[in-house]
Structures are given as structure tokens and as C-alpha cells.
>>> print(open('coords.cif').read())   # mmCIF, C-alpha atoms
data_start
loop_
_atom_site.label_atom_id
_atom_site.label_comp_id
_atom_site.auth_asym_id
_atom_site.auth_seq_id
_atom_site.Cartn_x
_atom_site.Cartn_y
_atom_site.Cartn_z
CA MET A 238 93.27 46.44 94.84
CA THR A 239 91.76 49.60 93.39
CA THR A 240 93.12 51.24 90.24
CA VAL A 241 93.21 55.04 90.35
CA ALA A 242 94.57 57.76 88.08
CA ALA A 243 97.68 59.63 89.21
CA TYR A 244 100.54 61.79 88.00
CA ALA A 245 103.95 60.15 88.32
CA ALA A 246 107.59 60.76 87.52
CA PRO A 247 108.62 57.65 85.53
CA ALA A 248 112.31 58.27 86.22
CA ALA A 249 114.59 60.80 87.89
CA LYS A 250 114.31 64.27 86.33
CA ALA A 251 111.67 63.04 83.87
CA PRO A 252 108.51 65.11 83.42
CA LEU A 253 105.52 63.88 85.38
CA GLU A 254 102.84 62.17 83.32
CA ARG A 255 99.36 60.79 83.83
CA THR A 256 99.25 57.10 84.69
CA THR A 257 97.37 54.63 86.88
CA ILE A 258 98.42 53.09 90.20
CA GLU A 259 97.06 50.40 92.48
CA ARG A 260 95.77 51.23 95.95
CA ARG A 261 95.45 48.42 98.48
CA GLU A 262 92.08 47.18 99.61
CA VAL A 263 90.72 48.90 102.70
CA GLY A 264 91.96 46.90 105.70
CA THR A 265 90.52 46.65 109.19
CA TYR A 266 91.99 49.95 110.39
CA ASP A 267 92.26 51.73 107.05
CA VAL A 268 90.57 54.84 105.72
CA LEU A 269 89.92 55.36 102.00
CA ILE A 270 90.19 59.03 101.12
CA ASP A 271 88.91 60.71 97.98
CA ILE A 272 91.65 63.27 97.48
CA LYS A 273 90.33 66.72 96.61
CA PHE A 274 93.50 68.82 96.75
CA ALA A 275 97.25 68.14 96.88
CA GLY A 276 99.91 70.77 97.54
CA ILE A 277 103.18 70.91 95.64
CA CYS A 278 106.08 71.01 98.08
CA HIS A 279 109.71 71.76 97.16
CA SER A 280 110.41 68.34 98.70
CA ASP A 281 108.46 66.79 95.83
CA ILE A 282 110.88 68.34 93.36
CA HIS A 283 113.99 67.33 95.34
CA GLN A 284 112.82 63.72 95.42
CA ALA A 285 111.47 63.48 91.87
CA ARG A 286 114.85 64.72 90.65
CA GLU A 287 116.86 62.61 93.11
CA GLY A 288 118.37 65.70 94.68
CA TRP A 289 118.36 64.02 98.09
CA GLY A 290 119.68 60.66 96.90
CA GLU A 291 118.46 57.53 95.16
CA ALA A 292 114.68 57.36 94.89
CA ILE A 293 111.94 54.88 93.95
CA PHE A 294 110.34 55.13 90.50
CA PRO A 295 107.77 55.48 89.20
CA MET A 296 107.12 58.12 91.85
CA VAL A 297 103.77 59.71 92.66
CA PRO A 298 104.72 62.72 94.81
CA GLY A 299 102.48 64.66 97.16
CA HIS A 300 102.37 64.80 100.95
CA GLU A 301 100.01 67.73 101.41
CA ILE A 302 96.73 65.91 100.99
CA ALA A 303 93.20 67.07 101.77
CA GLY A 304 90.08 65.10 100.99
CA VAL A 305 86.97 63.31 102.18
CA VAL A 306 86.59 59.84 103.67
CA SER A 307 84.69 57.52 101.32
CA GLU A 308 85.15 54.18 103.11
CA VAL A 309 86.43 52.93 106.48
CA GLY A 310 87.56 49.51 107.65
CA PRO A 311 85.49 47.62 110.24
CA GLY A 312 87.91 48.42 113.07
CA VAL A 313 88.13 52.18 112.42
CA THR A 314 86.93 54.30 115.36
CA LYS A 315 88.37 57.75 114.61
CA PHE A 316 86.72 58.56 111.28
CA ALA A 317 83.49 58.06 109.38
CA VAL A 318 82.43 58.36 105.75
CA GLY A 319 82.06 62.02 104.84
CA ASP A 320 84.71 63.33 107.27
CA ARG A 321 87.08 66.01 106.01
CA VAL A 322 90.60 64.72 106.48
CA GLY A 323 94.23 65.24 105.63
CA VAL A 324 97.41 63.21 105.21
CA GLY A 325 100.87 64.67 105.64
CA CYS A 326 104.40 63.40 105.15
CA MET A 327 104.04 59.98 106.80
CA VAL A 328 101.64 57.07 106.62
CA ASP A 329 103.16 54.71 109.19
CA SER A 330 105.94 54.14 111.73
CA CYS A 331 106.97 51.34 114.09
CA ARG A 332 104.57 52.59 116.81
CA GLU A 333 106.71 50.96 119.50
CA CYS A 334 109.93 52.96 119.88
CA GLU A 335 110.40 55.70 122.46
CA ASN A 336 109.68 58.44 119.95
CA CYS A 337 106.54 56.82 118.54
CA ARG A 338 105.17 56.27 122.05
CA ALA A 339 105.86 59.93 122.80
CA GLY A 340 103.86 61.09 119.76
CA GLU A 341 107.00 61.98 117.78
CA GLU A 342 106.44 59.43 115.02
CA GLN A 343 108.39 61.55 112.56
CA TYR A 344 111.55 60.61 114.48
CA CYS A 345 110.76 56.88 114.63
CA THR A 346 113.90 54.94 115.56
CA GLY A 347 112.36 51.50 115.02
CA SER A 348 111.48 50.63 111.44
CA GLY A 349 111.54 54.37 110.67
CA MET A 350 108.88 56.76 109.51
CA VAL A 351 107.17 55.51 106.36
CA GLY A 352 106.95 58.40 103.92
CA THR A 353 103.69 59.07 102.11
CA TYR A 354 105.61 58.51 98.88
CA ASN A 355 109.09 57.39 97.83
CA ALA A 356 109.11 54.84 100.63
CA VAL A 357 108.28 51.19 101.20
CA GLY A 358 105.30 50.30 103.37
CA LYS A 359 105.11 47.42 105.82
CA ASP A 360 103.51 45.36 103.05
CA GLY A 361 106.72 45.66 101.05
CA GLU A 362 105.10 47.80 98.37
CA PRO A 363 106.17 51.34 97.36
CA THR A 364 104.08 54.18 98.75
CA TYR A 365 102.44 56.62 96.35
CA GLY A 366 101.45 60.14 97.30
CA GLY A 367 98.76 62.69 96.78
CA TYR A 368 99.01 63.51 93.07
CA SER A 369 96.27 60.93 92.67
CA GLN A 370 92.54 60.45 93.01
CA LYS A 371 92.45 58.28 96.13
CA ILE A 372 94.69 57.03 98.93
CA VAL A 373 94.33 54.34 101.61
CA VAL A 374 95.90 55.18 104.98
CA ASP A 375 95.83 53.65 108.46
CA GLU A 376 93.51 55.74 110.64
CA ASN A 377 96.32 56.53 113.09
CA TYR A 378 98.11 58.58 110.43
CA VAL A 379 95.08 60.53 109.21
CA LEU A 380 94.26 64.06 110.43
CA ARG A 381 90.90 65.70 110.89
CA ILE A 382 90.54 69.00 109.05
CA PRO A 383 88.34 71.38 111.10
CA ASP A 384 85.23 72.79 109.48
CA GLY A 385 86.66 76.30 109.64
CA LEU A 386 89.32 75.48 107.05
CA SER A 387 88.66 75.15 103.33
CA LEU A 388 90.24 71.97 101.97
CA ASP A 389 92.25 73.78 99.30
CA VAL A 390 94.05 76.14 101.69
CA ALA A 391 94.32 73.40 104.33
CA ALA A 392 96.25 70.98 102.10
CA PRO A 393 99.62 72.80 102.41
CA LEU A 394 99.26 72.88 106.19
CA LEU A 395 99.97 69.13 106.19
CA CYS A 396 103.62 69.83 105.37
CA ALA A 397 104.38 73.56 105.15
CA GLY A 398 102.17 74.30 108.14
CA ILE A 399 103.46 71.64 110.52
CA THR A 400 107.07 71.98 109.33
CA THR A 401 107.09 75.58 110.56
CA TYR A 402 104.71 75.18 113.53
CA ALA A 403 106.85 72.43 115.09
CA PRO A 404 110.05 74.49 115.58
CA LEU A 405 108.12 77.62 116.55
CA LYS A 406 106.50 75.65 119.36
CA HIS A 407 109.65 73.76 120.37
CA TRP A 408 111.71 76.95 120.65
CA ASN A 409 108.89 78.78 122.43
CA ALA A 410 107.98 81.45 119.90
CA GLY A 411 105.46 83.73 121.55
CA PRO A 412 104.98 87.08 123.27
CA GLY A 413 108.27 88.77 124.09
CA LYS A 414 110.22 86.70 121.57
CA LYS A 415 111.83 88.07 118.42
CA VAL A 416 111.53 85.58 115.57
CA ALA A 417 113.06 85.92 112.12
CA VAL A 418 111.81 83.92 109.15
CA LEU A 419 114.48 83.38 106.54
CA GLY A 420 112.93 83.01 103.10
CA MET A 421 109.47 84.15 102.02
CA GLY A 422 108.21 81.16 100.07
CA GLY A 423 105.91 78.20 100.61
CA LEU A 424 107.30 77.43 104.06
CA GLY A 425 108.27 80.99 104.92
CA HIS A 426 104.85 82.53 104.41
CA MET A 427 103.35 79.92 106.74
CA ALA A 428 106.05 80.60 109.34
CA VAL A 429 105.17 84.30 109.26
CA LYS A 430 101.47 83.63 109.77
CA LEU A 431 102.03 81.13 112.56
CA ALA A 432 104.69 83.10 114.45
CA HIS A 433 102.47 86.17 114.33
CA ALA A 434 99.47 84.20 115.61
CA LEU A 435 101.62 82.80 118.43
CA GLY A 436 102.34 86.38 119.52
CA ALA A 437 105.98 86.77 118.54
CA GLU A 438 107.54 89.87 116.98
CA VAL A 439 108.18 88.68 113.43
CA THR A 440 110.85 89.78 110.96
CA VAL A 441 111.21 88.46 107.42
CA LEU A 442 114.70 88.11 105.99
CA SER A 443 114.43 87.77 102.22
CA GLN A 444 116.85 88.26 99.34
CA SER A 445 115.01 91.36 98.21
CA LEU A 446 112.12 93.59 99.24
CA ARG A 447 110.02 92.32 96.34
CA LYS A 448 107.53 90.55 98.64
CA LYS A 449 107.62 93.08 101.47
CA ASP A 450 103.98 94.15 101.12
CA ASP A 451 102.90 90.51 101.25
CA GLY A 452 105.04 89.82 104.28
CA LEU A 453 103.64 92.72 106.25
CA LYS A 454 100.10 91.80 105.24
CA LEU A 455 100.60 88.22 106.43
CA GLY A 456 101.76 89.34 109.87
CA ALA A 457 105.41 90.38 109.74
CA ASP A 458 106.38 93.40 111.82
CA HIS A 459 109.60 94.04 109.90
CA TYR A 460 111.06 93.07 106.54
CA TYR A 461 114.71 93.24 105.48
CA ALA A 462 116.70 92.36 102.35
CA THR A 463 119.59 89.97 102.96
CA SER A 464 121.24 91.24 99.76
CA ASP A 465 121.93 94.49 101.64
CA PRO A 466 125.06 94.14 103.84
CA ALA A 467 123.67 96.82 106.15
CA THR A 468 120.96 94.35 107.22
CA PHE A 469 123.54 92.20 109.01
CA GLU A 470 125.04 95.20 110.79
CA GLN A 471 121.68 96.63 111.79
CA LEU A 472 120.24 93.36 113.10
CA ALA A 473 123.32 91.89 114.80
CA GLY A 474 122.42 90.18 118.07
CA THR A 475 118.67 90.73 117.62
CA PHE A 476 116.78 87.44 117.42
CA ASP A 477 115.83 84.72 119.86
CA LEU A 478 114.98 82.39 116.98
CA ILE A 479 115.63 82.27 113.26
CA VAL A 480 113.69 79.71 111.22
CA SER A 481 115.45 79.10 107.91
CA THR A 482 113.12 77.82 105.20
CA VAL A 483 115.77 78.17 102.48
CA SER A 484 116.83 75.08 100.52
CA ALA A 485 120.01 76.66 99.14
CA PRO A 486 123.42 76.91 100.84
CA LEU A 487 123.79 79.89 103.19
CA ASP A 488 126.55 81.77 104.97
CA PHE A 489 125.58 80.37 108.35
CA GLY A 490 128.18 82.42 110.16
CA ALA A 491 126.50 85.63 108.99
CA TYR A 492 123.05 84.49 110.11
CA LEU A 493 124.28 83.17 113.46
CA GLY A 494 125.57 86.70 114.03
CA LEU A 495 121.95 87.90 114.06
CA LEU A 496 121.13 85.80 117.13
CA ARG A 497 121.10 86.96 120.73
CA THR A 498 123.02 85.00 123.33
CA ASP A 499 121.36 81.57 123.62
CA GLY A 500 119.52 82.13 120.34
CA ALA A 501 118.78 79.33 117.89
CA LEU A 502 118.97 79.09 114.11
CA VAL A 503 116.72 76.22 113.06
CA ASN A 504 116.75 74.74 109.58
CA VAL A 505 113.60 73.37 108.03
CA GLY A 506 114.81 73.91 104.47
CA ALA A 507 117.13 71.12 103.34
CA PRO A 508 119.83 72.09 100.80
CA GLU A 509 121.11 69.28 98.64
CA GLU A 510 124.74 70.28 99.31
CA PRO A 511 126.64 69.94 102.61
CA ILE A 512 127.46 73.12 104.53
CA SER A 513 130.65 74.39 106.15
CA LEU A 514 130.71 76.28 109.43
CA ASN A 515 133.24 78.08 111.60
CA LEU A 516 132.32 76.87 115.08
CA PHE A 517 133.39 80.14 116.66
CA SER A 518 130.12 81.57 115.32
CA LEU A 519 128.35 79.19 117.70
CA ILE A 520 130.74 79.31 120.65
CA GLY A 521 130.69 83.09 120.98
CA GLY A 522 127.18 83.43 122.35
CA ARG A 523 126.20 79.87 123.33
CA LYS A 524 124.15 79.69 120.16
CA THR A 525 122.37 76.71 118.67
CA LEU A 526 122.35 75.56 115.06
CA ALA A 527 119.55 73.06 114.78
CA GLY A 528 117.22 71.23 112.44
CA SER A 529 113.58 70.26 112.62
CA MET A 530 111.27 68.01 110.64
CA ILE A 531 107.50 67.87 110.61
CA GLY A 532 105.63 67.26 113.85
CA GLY A 533 104.05 64.06 115.07
CA ILE A 534 100.42 63.19 114.44
CA ARG A 535 99.26 64.72 117.72
CA GLN A 536 101.05 68.01 117.09
CA THR A 537 99.87 68.11 113.47
CA GLN A 538 96.30 67.91 114.69
CA GLU A 539 97.06 70.64 117.23
CA MET A 540 98.41 72.80 114.38
CA LEU A 541 95.31 72.26 112.25
CA ASP A 542 93.06 73.20 115.17
CA PHE A 543 95.21 76.27 115.88
CA CYS A 544 94.98 77.36 112.25
CA ALA A 545 91.20 76.96 112.24
CA ALA A 546 90.92 78.97 115.47
CA HIS A 547 93.04 81.80 114.00
CA GLY A 548 91.69 81.72 110.44
CA ILE A 549 95.02 80.62 109.00
CA GLY A 550 95.32 78.84 105.67
CA ALA A 551 97.99 78.80 103.00
CA GLU A 552 98.12 81.43 100.27
CA ILE A 553 97.59 79.26 97.20
CA GLU A 554 97.51 79.20 93.44
CA LEU A 555 95.12 76.44 92.33
CA ILE A 556 96.23 74.54 89.22
CA GLY A 557 95.13 71.65 87.06
CA ALA A 558 97.16 68.46 86.95
CA ALA A 559 98.35 69.22 83.42
CA GLU A 560 100.24 72.22 84.87
CA ILE A 561 102.35 70.23 87.36
CA ASN A 562 105.56 70.27 85.33
CA GLU A 563 105.24 74.00 84.68
CA ALA A 564 104.57 74.52 88.39
CA TYR A 565 107.79 72.67 89.26
CA GLU A 566 109.79 75.07 87.11
CA ARG A 567 108.03 78.04 88.65
CA VAL A 568 108.79 76.81 92.17
CA LEU A 569 112.47 76.57 91.26
CA ASN A 570 112.28 80.15 89.97
CA SER A 571 110.50 81.35 93.15
CA ASP A 572 107.55 82.28 90.96
CA VAL A 573 104.63 81.31 93.19
CA ARG A 574 102.74 83.15 95.91
CA TYR A 575 102.93 81.00 97.83
CA ARG A 576 101.89 77.38 97.30
CA PHE A 577 100.69 75.54 94.25
CA VAL A 578 97.76 73.27 94.99
CA ILE A 579 96.52 70.68 92.50
CA ASP A 580 92.78 70.34 91.99
CA THR A 581 92.80 66.55 91.84
CA ALA A 582 89.48 66.50 89.99
CA THR A 583 91.65 67.36 86.96
CA ILE A 584 93.65 64.13 87.24
#
>>> encode(input="coords.cif", output="C-alpha cells")
Amino acid sequence: MTTVAAYAAPAAKAPLERTTIERREVGTYDVLIDIKFAGICHSDIHQAREGWGEAIFPMVPGHEIAGVVSEVGPGVTKFAVGDRVGVGCMVDSCRECENCRAGEEQYCTGSGMVGTYNAVGKDGEPTYGGYSQKIVVDENYVLRIPDGLSLDVAAPLLCAGITTYAPLKHWNAGPGKKVAVLGMGGLGHMAVKLAHALGAEVTVLSQSLRKKDDGLKLGADHYYATSDPATFEQLAGTFDLIVSTVSAPLDFGAYLGLLRTDGALVNVGAPEEPISLNLFSLIGGRKTLAGSMIGGIRQTQEMLDFCAAHGIGAEIELIGAAEINEAYERVLNSDVRYRFVIDTATI
């Protein structure tokens, strides 16, 4: 076992504090990664505060991890010392179910996807995430970060990037398609960049026009305020696809009204509260209300390569580890443009 420094939440809703954790010895197929940068995802806050249900403490959050390989096990064939790599939201799965065999490990129906943190690994020990100096991960769940991407702006791609790339690809965002991105935050700004690079006509739907200049600069063709009732009249029946990145309850009937016949409203934001829905807003137009998680390992690598080819990284604010608790409050107040990334050298 290797002892490393980390930042952990000792209990639900408690401030994160510096501590030490144990990482397992490097096994036959394991990769030891010196973490350089770790993104702060809204999911980290939901879980550290038990917004999504009972959690495991102490908790070391972080599933947007970028770093450099410092050791490999004797059976590792995919990576070598010195490689630039990333780890996203999962570190294992059953590898045998239909979904795992299809490269959709995130939907593992066997033992289930093993989360990078707030989960229990196959060794029976809790998993600890990226707010730490090092991590040991099976090579099959490690991603290669292309040379064209800086590690700091690549880190958020491991969750925010793939979480938005996956539904855009699944629902065929591209030339001739009108895509709306609901919410202009950590996920939303990545959805705008990716949808634009895929060739879609992109509209941002945000509470206000406060971030309009940013949205247009990042690739949006149009930008509307959802606080203005005229927006829903003007855009009725417009979109082939709406990707909702919002983690607060919405009037889904109003947003479904913005879809064309056969359009889809896909949720990647996950509100803590259940929603209510009048099904007539789906029936009248053969519309789809859907959800999407991250992508599998194969698609995550595809996304990273796509981002490198198109010069896409996250818009980040780099912080020291001592600023994590302040950053959490700022995320909740939508006061970040657009992703906090921890310089793990400060841990």
C-alpha cells in the first residue's frame, strides 16, 4: 500500500480537509498515475453532501483526472511510464455482461460500474477519487490524453466532455440538425463546443443573457433567455435535440414544446428531486424524454481524440487545493466560467 495526500469530506456536508489515504500496490494490470489536475464536477458536490442518497465517508471526490503514468504492472500492454493519461467516472465493471462486451461499461448490468469514488471496488475497499496525489487504476479503464491537449484543460473532458459528447453522438447531432443546450455551465459550455464542432446549429437556452458573449464565442449560433416567456413562443417546435445540463427541477412540458416532431430532450443534469410530467407533452409530437450518462471507455477515447483534432478543451479556472470548499460554494452560485480545476501539486 502507498500512502498519499488527499482532500476528503469526513462526513456528509462537512468541509473537505487535507488527509492521507492508502492506494493499493500496483497489480499485474494496474497503472500508477501521478495526478496533475482534477476537475471539480457538480456531481462531487451532490455526493459529498449526500444529495443523491447515502454515501461512503470519508470521501475523496474527483472523477476528472489527468496525469502522468509513473509505474505499470508487468502485464500492462496499453501504457508506459511517462504517458499522459486520464481517468473518468469509472474504474471497473464486470467486463462480462452484454453492455460491457459492447463497450458500454457505464451501463454494466453485472456487478455494476465501479465509480472512481464513493463506490466499493472488487477488493471490497472504498474507491477514492482524484482530489489526491496518485491513483492506481486497471489499464482497461485508463484513457490516453493526446499530445494536442494540455492536461489542465483535458481533465474536465473526462466527465463534462464525455457526458455531453455521448448524447450528441447517440442522437446524431451534426449538419442539418438544430441542437439546443439548456444551461451554460460546466457541462453546458462543453456541449456548445462539441455540438458546434460536430456541425450542428447550436442554440443556448440560459436563465439570462449574462453569458451570451461567451456562448457565441464558444460556438453557439443563437442565445436565448429562458426567463423571457417570449422565448418559448418564438422557439416552439424548433429543435431536433435539446441537451439539458441543468441539475435543478424544470418545467419539462415547456421545454418539450420546443422540440420538433420526433425530437428528443435528453437529461445529463441530475436534479436531486423527482419530476412531474404531463404525458400529453410527449404524445403530441412523438417526442422523447431521455437520459444519458457518460460514455464507455472506447467512446471516451474517441471524444478525447475528437477534442484534440478540433482544439477543444474546457474553459477552466485553476485553483489550489485550499480553495476547494470555496469553489464548491461558487459552483452552487453559478460563479465559475466554466470549470474549476485543482492543481494537485498544491495537495
>>> closest_residue(input="coords.cif", among="A:Leu496, A:Ile556, A:Leu541, A:Val483", to="A:Ser443", atoms="all atoms listed in the file")
A:Val483
>>> residues_near_point(input="coords.cif", point="(124.7, 85.7, 123.7)", cutoff="10 Å", atoms="all atoms listed in the file", output="PyMOL selection string")
chain A and resi 474-475+477+494+496-500+519-524
>>> atom_distance(input="coords.cif", atom1="atom CA of A:Arg332", atom2="atom CA of A:Ser307")
25.7 Å
>>> resolve_selection(input="coords.cif", expression="the PyMOL selection byres ((chain A and resi 545) around 9)", output="MDAnalysis selection string")
chainID A and resid 382:386 540:544 546:550
>>> closest_atom_pairs(input="coords.cif", of="stretch 343-424 of chain A", to="stretch 283-297 of chain A", cutoff="9 Å", atoms="only C-alpha atoms", output="tab-separated table")
residue	atom	partner	partner_atom	distance
A:Tyr354	CA	A:Val297	CA	6.6
A:Asn355	CA	A:Ile293	CA	5.4
A:Ala356	CA	A:Ile293	CA	7.3
A:Val357	CA	A:Ile293	CA	8.9
A:Pro363	CA	A:Ile293	CA	7.6
A:Thr364	CA	A:Val297	CA	8.2
A:Tyr365	CA	A:Val297	CA	5.0
A:Gly366	CA	A:Val297	CA	5.2
A:Gly367	CA	A:Val297	CA	7.1
A:Tyr368	CA	A:Val297	CA	6.1
A:Ser369	CA	A:Val297	CA	7.6
>>> atom_distance(input="coords.cif", atom1="atom CA of A:Glu341", atom2="atom CA of A:Val263")
25.8 Å
>>> residues_around(input="coords.cif", residues="A:Tyr244", least_positions_apart="4", cutoff="8 Å", atoms="all atoms listed in the file", output="list of chain:residue names")
A:Leu253, A:Glu254, A:Arg255, A:Thr256, A:Thr257, A:Val297, A:Tyr368, A:Ser369, A:Ala558, A:Ile584
>>> write_last_selection(input="coords.cif", atoms="C-alpha atoms", output="JSON list (two decimals), keeping the file's coordinate frame")
[["chain", "number", "residue", "atom", "x", "y", "z"],
["A", 253, "LEU", "CA", 105.52, 63.88, 85.38],
["A", 254, "GLU", "CA", 102.84, 62.17, 83.32],
["A", 255, "ARG", "CA", 99.36, 60.79, 83.83],
["A", 256, "THR", "CA", 99.25, 57.10, 84.69],
["A", 257, "THR", "CA", 97.37, 54.63, 86.88],
["A", 297, "VAL", "CA", 103.77, 59.71, 92.66],
["A", 368, "TYR", "CA", 99.01, 63.51, 93.07],
["A", 369, "SER", "CA", 96.27, 60.93, 92.67],
["A", 558, "ALA", "CA", 97.16, 68.46, 86.95],
["A", 584, "ILE", "CA", 93.65, 64.13, 87.24]]
>>> residues_around(input="coords.cif", residues="A:Asp580", least_positions_apart="2", cutoff="9 Å", atoms="only C-alpha atoms", output="PyMOL selection string")
chain A and resi 273-275+389+555-558+578+582-584
>>> atom_distance(input="coords.cif", atom1="atom CA of A:Ser571", atom2="atom CA of A:Glu509")
17.0 Å
>>> residues_around(input="coords.cif", residues="stretch 299-303 of chain A", least_positions_apart="6", cutoff="7 Å", atoms="all atoms listed in the file", output="PDB file with C-alpha atoms, in the coordinates of the input")
ATOM      1  CA  ILE A 272      91.650  63.270  97.480  1.00  0.00           C
ATOM      2  CA  LYS A 273      90.330  66.720  96.610  1.00  0.00           C
ATOM      3  CA  PHE A 274      93.500  68.820  96.750  1.00  0.00           C
ATOM      4  CA  ALA A 275      97.250  68.140  96.880  1.00  0.00           C
ATOM      5  CA  GLY A 276      99.910  70.770  97.540  1.00  0.00           C
ATOM      6  CA  ILE A 277     103.180  70.910  95.640  1.00  0.00           C
ATOM      7  CA  ASP A 281     108.460  66.790  95.830  1.00  0.00           C
ATOM      8  CA  VAL A 322      90.600  64.720 106.480  1.00  0.00           C
ATOM      9  CA  GLY A 323      94.230  65.240 105.630  1.00  0.00           C
ATOM     10  CA  VAL A 324      97.410  63.210 105.210  1.00  0.00           C
ATOM     11  CA  GLY A 325     100.870  64.670 105.640  1.00  0.00           C
ATOM     12  CA  CYS A 326     104.400  63.400 105.150  1.00  0.00           C
ATOM     13  CA  THR A 353     103.690  59.070 102.110  1.00  0.00           C
ATOM     14  CA  GLY A 366     101.450  60.140  97.300  1.00  0.00           C
ATOM     15  CA  GLY A 367      98.760  62.690  96.780  1.00  0.00           C
ATOM     16  CA  TYR A 368      99.010  63.510  93.070  1.00  0.00           C
ATOM     17  CA  LEU A 388      90.240  71.970 101.970  1.00  0.00           C
ATOM     18  CA  ALA A 391      94.320  73.400 104.330  1.00  0.00           C
ATOM     19  CA  ALA A 392      96.250  70.980 102.100  1.00  0.00           C
ATOM     20  CA  PRO A 393      99.620  72.800 102.410  1.00  0.00           C
ATOM     21  CA  LEU A 395      99.970  69.130 106.190  1.00  0.00           C
ATOM     22  CA  CYS A 396     103.620  69.830 105.370  1.00  0.00           C
TER      23      CYS A 396
END
>>> closest_residue(input="coords.cif", among="A:Glu470, A:Glu560, A:Glu438, A:Glu262", to="A:Ala457", atoms="all atoms listed in the file")
A:Glu438
>>> resolve_selection(input="coords.cif", expression="the PyMOL selection byres ((chain A and resi 456) around 6)", output="list of chain:residue names")
A:Lys430, A:His433, A:Leu453, A:Lys454, A:Leu455, A:Ala457
>>> resolve_selection(input="coords.cif", expression="the PyMOL selection byres ((chain A and resi 575) around 7)", output="compact mmCIF listing (two decimals) with C-alpha atoms, keeping the file's coordinate frame")
# COMPACT_ATOMS: atom_id res chain seq x y z
CA GLY A 422 108.21 81.16 100.07
CA GLY A 423 105.91 78.20 100.61
CA GLU A 552 98.12 81.43 100.27
CA ILE A 553 97.59 79.26 97.20
CA VAL A 573 104.63 81.31 93.19
CA ARG A 574 102.74 83.15 95.91
CA ARG A 576 101.89 77.38 97.30
CA PHE A 577 100.69 75.54 94.25
>>> closest_residue(input="coords.cif", among="A:Ile399, A:Met238, A:Ile282, A:Leu514", to="A:Pro252", atoms="all atoms listed in the file")
A:Ile282
>>> residues_near_point(input="coords.cif", point="(123.9, 78.3, 101.8)", cutoff="9 Å", atoms="only C-alpha atoms", output="number ranges by chain")
A: 483-489, 508, 510-513
>>> closest_residue(input="coords.cif", among="A:Ile258, A:Ala403, A:Ala462, A:Ile579", to="A:Asn562", atoms="all atoms listed in the file")
A:Ile579
>>> closest_residue(input="coords.cif", among="A:Val318, A:Leu493, A:Val429, A:Cys334", to="A:Asp267", atoms="all atoms listed in the file")
A:Val318
>>> residues_around(input="coords.cif", residues="A:Ala527", least_positions_apart="5", cutoff="12 Å", atoms="all atoms listed in the file", output="PyMOL selection string")
chain A and resi 404+407-408+478-481+489+493+500-507+519
>>> closest_residue(input="coords.cif", among="A:Gly319, A:Glu539, A:Gly358, A:Gly490", to="A:Thr525", atoms="all atoms listed in the file")
A:Gly490
>>> decode(input="coords.cif", residues="stretch 534-539 of chain A", atoms="all heavy atoms", output="CSV table (one decimal), in the first residue's frame")
chain,number,residue,atom,x,y,z
A,534,ILE,N,-15.5,3.3,-22.3
A,534,ILE,CA,-14.1,3.7,-22.4
A,534,ILE,C,-13.8,3.9,-23.9
A,534,ILE,O,-13.1,4.9,-24.2
A,534,ILE,CB,-13.3,2.5,-21.9
A,534,ILE,CG1,-13.5,2.4,-20.4
A,534,ILE,CG2,-11.8,2.7,-22.2
A,534,ILE,CD1,-13.1,3.6,-19.5
A,535,ARG,N,-14.3,3.1,-24.8
A,535,ARG,CA,-14.0,3.3,-26.2
A,535,ARG,C,-14.5,4.7,-26.7
A,535,ARG,O,-13.7,5.4,-27.4
A,535,ARG,CB,-14.6,2.2,-27.0
A,535,ARG,CG,-14.3,2.3,-28.5
A,535,ARG,CD,-14.9,1.0,-29.2
A,535,ARG,NE,-16.4,0.9,-29.0
A,535,ARG,CZ,-17.1,-0.2,-29.0
A,535,ARG,NH1,-16.4,-1.4,-29.1
A,535,ARG,NH2,-18.4,-0.2,-28.8
A,536,GLN,N,-15.7,5.1,-26.3
A,536,GLN,CA,-16.2,6.3,-26.8
A,536,GLN,C,-15.5,7.5,-26.1
A,536,GLN,O,-15.4,8.6,-26.7
A,536,GLN,CB,-17.7,6.4,-26.6
A,536,GLN,CG,-18.3,7.7,-27.2
A,536,GLN,CD,-19.8,7.8,-27.1
A,536,GLN,OE1,-20.4,7.6,-26.0
A,536,GLN,NE2,-20.5,7.9,-28.2
A,537,THR,N,-15.1,7.3,-24.9
A,537,THR,CA,-14.4,8.4,-24.2
A,537,THR,C,-13.1,8.7,-24.9
A,537,THR,O,-12.6,9.8,-25.0
A,537,THR,CB,-14.2,8.0,-22.7
A,537,THR,OG1,-15.4,7.7,-22.1
A,537,THR,CG2,-13.5,9.2,-21.9
A,538,GLN,N,-12.4,7.6,-25.3
A,538,GLN,CA,-11.2,7.8,-26.1
A,538,GLN,C,-11.4,8.5,-27.4
A,538,GLN,O,-10.7,9.4,-27.8
A,538,GLN,CB,-10.4,6.5,-26.3
A,538,GLN,CG,-9.1,6.7,-26.9
A,538,GLN,CD,-8.1,7.4,-26.0
A,538,GLN,OE1,-7.8,6.9,-24.9
A,538,GLN,NE2,-7.6,8.5,-26.4
A,539,GLU,N,-12.5,8.1,-28.0
A,539,GLU,CA,-12.9,8.8,-29.3
A,539,GLU,C,-13.2,10.3,-29.1
A,539,GLU,O,-12.8,11.1,-29.9
A,539,GLU,CB,-14.2,8.1,-29.8
A,539,GLU,CG,-14.9,8.8,-31.0
A,539,GLU,CD,-16.3,8.2,-31.3
A,539,GLU,OE1,-16.4,7.0,-31.3
A,539,GLU,OE2,-17.2,9.0,-31.4
